[in-house]
Each structure stands twice: as C-alpha cells, then as structure tokens.
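**Student:** Coordinates in final.txt, compact mmCIF, C-alpha atoms and all ligand atoms, are listed below.
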```txt
# COMPACT_ATOMS: atom_id res chain seq x y z
CA MET A 684 24.72 91.65 -23.80
CA SER A 685 25.05 94.57 -26.15
CA ARG A 686 23.19 95.23 -29.33
CA LEU A 687 24.53 96.84 -32.43
CA LEU A 688 22.26 98.25 -35.08
CA PHE A 689 23.34 97.76 -38.65
CA PHE A 690 21.73 98.87 -41.83
CA SER A 691 22.09 96.31 -44.54
CA ARG A 692 23.61 97.63 -47.73
CA PHE A 693 21.44 95.34 -49.77
CA SER A 694 17.98 95.65 -48.32
CA GLY A 695 18.28 99.01 -46.58
CA ARG A 696 16.42 97.58 -43.65
CA PRO A 697 17.85 97.72 -40.16
CA MET A 698 19.21 94.48 -38.79
CA ILE A 699 19.79 93.73 -35.14
CA LEU A 700 23.02 91.93 -34.41
CA LYS A 701 23.26 90.53 -30.96
CA LEU A 702 26.71 90.14 -29.55
CA SER A 703 27.79 88.72 -26.26
CA LEU A 704 31.20 88.62 -24.67
CA LEU A 705 31.22 84.90 -25.33
CA ASP A 706 30.98 85.56 -29.08
CA LEU A 707 33.90 87.96 -28.99
CA PHE A 708 36.04 85.96 -26.59
CA PRO A 709 35.20 82.27 -26.88
CA ASP A 710 37.17 81.32 -23.80
CA PRO A 711 36.91 84.27 -21.43
CA GLN A 712 38.29 84.27 -17.94
CA LEU A 713 35.16 83.43 -16.05
CA CYS A 714 36.58 82.71 -12.66
CA ASP A 715 37.79 85.04 -9.98
CA PRO A 716 41.42 84.98 -8.88
CA GLY A 717 41.96 81.99 -6.66
CA GLU A 718 39.42 79.94 -8.55
CA PHE A 719 39.87 77.12 -11.03
CA LEU A 720 37.86 76.87 -14.24
CA CYS A 721 36.64 73.33 -14.69
CA HIS A 722 37.20 71.73 -18.05
CA ASP A 723 33.52 72.22 -18.84
CA HIS A 724 34.44 75.94 -19.18
CA VAL A 725 31.43 76.86 -17.08
CA THR A 726 32.04 75.90 -13.49
CA CYS A 727 34.45 77.64 -11.13
CA VAL A 728 35.68 76.02 -7.95
CA SER A 729 38.13 77.25 -5.34
CA GLN A 730 41.71 76.33 -6.11
CA SER A 731 41.96 74.94 -2.60
CA TRP A 732 39.53 72.24 -3.73
CA LEU A 733 41.87 70.98 -6.45
CA CYS A 734 43.15 67.46 -6.03
CA ASP A 735 41.67 67.10 -2.56
CA GLY A 736 40.21 63.69 -3.37
CA ASP A 737 36.70 65.11 -3.68
CA PRO A 738 35.33 65.78 -7.18
CA ASP A 739 33.87 69.30 -7.25
CA CYS A 740 33.65 69.93 -11.00
CA PRO A 741 30.76 68.25 -12.85
CA ASP A 742 33.33 66.50 -15.03
CA ASP A 743 35.70 65.79 -12.10
CA SER A 744 38.38 67.82 -13.87
CA ASP A 745 39.49 69.32 -10.56
CA GLU A 746 40.73 65.86 -9.68
CA SER A 747 42.32 64.99 -13.01
CA ILE A 748 46.00 64.15 -13.32
CA ASP A 749 46.44 67.10 -15.70
CA THR A 750 45.11 69.46 -13.08
CA TYR A 751 47.40 67.93 -10.51
CA PHE A 752 50.53 68.49 -12.55
CA SER A 753 49.48 71.99 -13.67
CA THR A 754 48.97 73.13 -10.09
CA VAL A 755 51.99 71.50 -8.44
CA LYS A 756 54.90 73.90 -8.47
CA CA A 801 38.20 68.60 -5.51
```
For this file, produce the structure as structure tokens.
**Tutor:**
Amino acid sequence: MSRLLFFSRFSGRPMILKLSLLDLFPDPQLCDPGEFLCHDHVTCVSQSWLCDGDPDCPDDSDESIDTYFSTVK
C-alpha cells in the first residue's frame, strides 16, 4: 500500500490518502500463470484442478459449467 500526501486547498491541512492496488485496479490479475481465479475474485487454484469433479474454490466456481466451457478448447 502506498500513501500520497495531499494538502487540501480549502483547509490547508495535510490529508493522508491511502491507495491500494485494489482501488486503482478493481479486478487485478491476482493469480500466477497456470492458475484460475475463482469467481469470488480472491482464491486461486491450479488450472489442473478445474472441472476435475472436486470443488476447490469456496464457491465451487472451478466446477461450474461456465468454467468448463471457458477452458475447453
Ligand atoms: Ca476442482
């Protein structure tokens, strides 16, 4: 997390604005290559675990029909 120091034009007092990458990029690429980002946008699982009949994401999105069709080529 980075911090930027701003001086307000109105009050003249310094204000701390906290920014994180998540603020700047709401849906960042969180996972490493070869990993699948679960639909909870938090959990990464190996792509080899997709559609293997075993739910690995907390929301089971690695086993969803959408995931199946998006990974079948
Ligand atoms: Ca799985």
**Student:** All residues within 9 Å of ligand CA 801 (chain A) are required, counting only C-alpha atoms and all ligand atoms; please report them as a PyMOL selection string.
**Tutor:** chain A and resi 728-740+743-746
**Student:** For those residues, write C-alpha atoms to a file as a short mmCIF file (atom, residue, chain, number, x, y, z; two decimals), in the frame of the given file.
**Tutor:**
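And here's part13.cif as it stands now:
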```cif
data_model
loop_
_atom_site.label_atom_id
_atom_site.label_comp_id
_atom_site.auth_asym_id
_atom_site.auth_seq_id
_atom_site.Cartn_x
_atom_site.Cartn_y
_atom_site.Cartn_z
CA VAL A 728 35.68 76.02 -7.95
CA SER A 729 38.13 77.25 -5.34
CA GLN A 730 41.71 76.33 -6.11
CA SER A 731 41.96 74.94 -2.60
CA TRP A 732 39.53 72.24 -3.73
CA LEU A 733 41.87 70.98 -6.45
CA CYS A 734 43.15 67.46 -6.03
CA ASP A 735 41.67 67.10 -2.56
CA GLY A 736 40.21 63.69 -3.37
CA ASP A 737 36.70 65.11 -3.68
CA PRO A 738 35.33 65.78 -7.18
CA ASP A 739 33.87 69.30 -7.25
CA CYS A 740 33.65 69.93 -11.00
CA ASP A 743 35.70 65.79 -12.10
CA SER A 744 38.38 67.82 -13.87
CA ASP A 745 39.49 69.32 -10.56
CA GLU A 746 40.73 65.86 -9.68
#
```
**Student:** State, in Å with one decimal place, the distance from CA of Pro716 in chain A to CA of Ile748 in chain A.
**Tutor:**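 If I compute the distance from CA of Pro716 in chain A to CA of Ile748 in chain A, I get 21.8 Å.
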**Student:** What is the CA of Asp742 in chain A-CA of Asp715 in chain A distance in Å, reported with one decimal?
**Tutor:**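 Value for the CA of Asp742 in chain A-CA of Asp715 in chain A distance: 19.7 Å.
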**Student:** How far is it from CA of Val725 in chain A to CA of Phe752 in chain A, in Å with one decimal?
**Tutor:**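 If I compute the distance from CA of Val725 in chain A to CA of Phe752 in chain A, I get 21.3 Å.
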**Student:** Find the spatial neighbours of Cys714 in chain A, counting all atoms listed in the file, within a cut-off of 9 Å - ignore same-chain residues fewer than 3 positions away - and output them as a PyMOL selection string.
**Tutor:** chain A and resi 711+717-720+725-728
**Student:** Starting from the incomplete input, reconstruct N, CA and C atoms of range 724-741 of chain A and report them as a short mmCIF file (atom, residue, chain, number, x, y, z; two decimals), in the coordinates of the input.
**Tutor:**
```
data_model
loop_
_atom_site.label_atom_id
_atom_site.label_comp_id
_atom_site.auth_asym_id
_atom_site.auth_seq_id
_atom_site.Cartn_x
_atom_site.Cartn_y
_atom_site.Cartn_z
N HIS A 724 34.39 74.52 -18.83
CA HIS A 724 34.44 75.94 -19.18
C HIS A 724 33.24 76.71 -18.66
N VAL A 725 32.59 76.20 -17.64
CA VAL A 725 31.43 76.86 -17.08
C VAL A 725 31.56 77.02 -15.57
N THR A 726 32.05 75.97 -14.94
CA THR A 726 32.04 75.90 -13.49
C THR A 726 33.35 76.38 -12.90
N CYS A 727 33.26 77.20 -11.86
CA CYS A 727 34.45 77.64 -11.13
C CYS A 727 34.42 77.03 -9.73
N VAL A 728 35.55 76.53 -9.32
CA VAL A 728 35.68 76.02 -7.95
C VAL A 728 36.93 76.65 -7.34
N SER A 729 36.96 76.69 -6.03
CA SER A 729 38.13 77.25 -5.34
C SER A 729 39.35 76.41 -5.63
N GLN A 730 40.49 77.08 -5.83
CA GLN A 730 41.71 76.33 -6.11
C GLN A 730 42.11 75.45 -4.94
N SER A 731 41.63 75.77 -3.76
CA SER A 731 41.96 74.94 -2.60
C SER A 731 41.22 73.61 -2.65
N TRP A 732 40.27 73.50 -3.59
CA TRP A 732 39.53 72.24 -3.73
C TRP A 732 40.18 71.32 -4.76
N LEU A 733 41.24 71.79 -5.41
CA LEU A 733 41.87 70.98 -6.45
C LEU A 733 42.60 69.80 -5.82
N CYS A 734 42.40 68.65 -6.42
CA CYS A 734 43.15 67.46 -6.03
C CYS A 734 43.06 67.19 -4.53
N ASP A 735 41.87 67.39 -3.98
CA ASP A 735 41.67 67.10 -2.56
C ASP A 735 40.95 65.77 -2.37
N GLY A 736 40.84 65.01 -3.46
CA GLY A 736 40.21 63.69 -3.37
C GLY A 736 38.70 63.74 -3.48
N ASP A 737 38.16 64.93 -3.61
CA ASP A 737 36.70 65.11 -3.68
C ASP A 737 36.36 65.79 -4.99
N PRO A 738 35.66 65.13 -5.92
CA PRO A 738 35.33 65.78 -7.18
C PRO A 738 34.34 66.93 -6.98
N ASP A 739 34.72 68.13 -7.38
CA ASP A 739 33.87 69.30 -7.25
C ASP A 739 33.36 69.79 -8.59
N CYS A 740 34.13 69.59 -9.67
CA CYS A 740 33.65 69.93 -11.00
C CYS A 740 32.68 68.85 -11.48
N PRO A 741 31.70 69.25 -12.31
CA PRO A 741 30.76 68.25 -12.85
C PRO A 741 31.47 67.15 -13.63
#
```
